[in-house]
Amino acid sequence: MKILIIALVFGMGLTGFAQETTTKQNRAGMEKMTPEQRQQKHLAYLTKELTLDAKQQEAVGKILAEKGTKVQDLKVQKDTRKASESKMTSEERATLKNKMEAEKTDTEAKMKAILSADQYQKWITLREENKEKMRGKSEAMGGAPMEKMTPEQRQQKHLTYLTKELTLDAKQQEAVGKILAEKGAKAQDLKAKKESRRSSGEKMTDAEREAFKTQMQAEKADTEAKMKAILSANQYQKWLTIREENKEKMKGKMKERRNGGM
């Protein structure tokens, strides 16, 4: 089971059927499908979502077939280990992880060569959405909870969310991604300073608090200016609305924490 989960997390599957509502009956039907039938269904899904032409369908179909073969190999390895009650060593896990990363990079390069820029970005978005759904299903089925996301993972998740909500094109995604990376780096710096003060028992002076407030306002204005230059008028207004909604949600969560989760 661990091998297959690792394979899914590190990109063995291209996207899965992220937008489909799967009932128990549908899941049972999927399990009865042959690998070829699952690949064909997956290809039909990608064809619809990415508007693939005939040439692209053929090329993507070949990639799916390659991935299907590798997944089957992993399944055989998993079954063999299960039968022998053998567990992976830390070295084997590290090797598998590196292999998955290399294959993920290889798949991305192949897909980038096949798809247009917009199609490729949409495929990346679909894959990230599906990855989150797979993790959620794993937890719902009794799997271990997700480890805390890295700053990069949070940025990618945020970018995926904004791409979907604002319908960003490839160029906009790249530009917004850079802004998120900059903000992430600044947030990490602030976190480090906060932890340093906490460990030393040092508190901010009134002058420092005022300077910090001024800095935050300046960075907010700078972000707004950059986003306004990237987005259309409608996208920008929607982004402002989303930001305010998220701010209210954060305030609500902080209030709950102060009240002891009541």
# chains A, B, ... in the order shown; residues from 1 in each chain; ligands from 1
>>> residues_around(residues="A:Met227", least_positions_apart="4", cutoff="8 Å", atoms="only C-alpha atoms", output="PyMOL selection string")
chain A and resi 176+223+231+236
>>> write_last_selection(atoms="N, CA and C atoms", output="PDB file, in the first residue's frame")
ATOM      1  N   VAL A 176       1.950  35.435 -10.978  1.00  0.00           N
ATOM      2  CA  VAL A 176       1.375  35.335  -9.633  1.00  0.00           C
ATOM      3  C   VAL A 176       2.218  34.397  -8.771  1.00  0.00           C
ATOM      4  N   THR A 223       1.831  44.682  -3.321  1.00  0.00           N
ATOM      5  CA  THR A 223       1.216  43.465  -3.853  1.00  0.00           C
ATOM      6  C   THR A 223      -0.010  43.803  -4.692  1.00  0.00           C
ATOM      7  N   LEU A 231      -3.593  41.083 -13.541  1.00  0.00           N
ATOM      8  CA  LEU A 231      -4.962  40.616 -13.731  1.00  0.00           C
ATOM      9  C   LEU A 231      -5.812  41.581 -14.545  1.00  0.00           C
ATOM     10  N   TYR A 236      -9.096  41.141 -10.892  1.00  0.00           N
ATOM     11  CA  TYR A 236      -8.536  41.890  -9.761  1.00  0.00           C
ATOM     12  C   TYR A 236      -9.588  42.107  -8.676  1.00  0.00           C
TER      13      TYR A 236
END
>>> select_by_dssp(residues="stretch 51-262 of chain A", states="alpha helix (DSSP H)", output="PyMOL selection string")
chain A and resi 54-84+90-114+117-140+151-166+170-200+206-230+233-258
>>> atom_distance(atom1="atom CA of A:Asp206", atom2="atom CA of A:Glu244")
27.3 Å
>>> closest_residue(among="A:Glu195, A:Glu58, A:Glu219, A:Asn246", to="A:His158", atoms="only C-alpha atoms")
A:Asn246
>>> atom_distance(atom1="atom CA of A:Glu103", atom2="atom CA of A:Gln121")
18.5 Å
>>> closest_residue(among="A:Ile230, A:Met100, A:Met250, A:Ile114", to="A:Val71", atoms="only C-alpha atoms")
A:Met100
>>> closest_residue(among="A:Ser90, A:Thr80, A:Gln235, A:Gln39", to="A:Thr163", atoms="only C-alpha atoms")
A:Gln235
>>> closest_residue(among="A:Asn234, A:Leu52, A:Ala192, A:Pro35", to="A:Ser116", atoms="only C-alpha atoms")
A:Leu52
>>> atom_distance(atom1="atom CA of A:Thr107", atom2="atom CA of A:Gln119")
14.5 Å
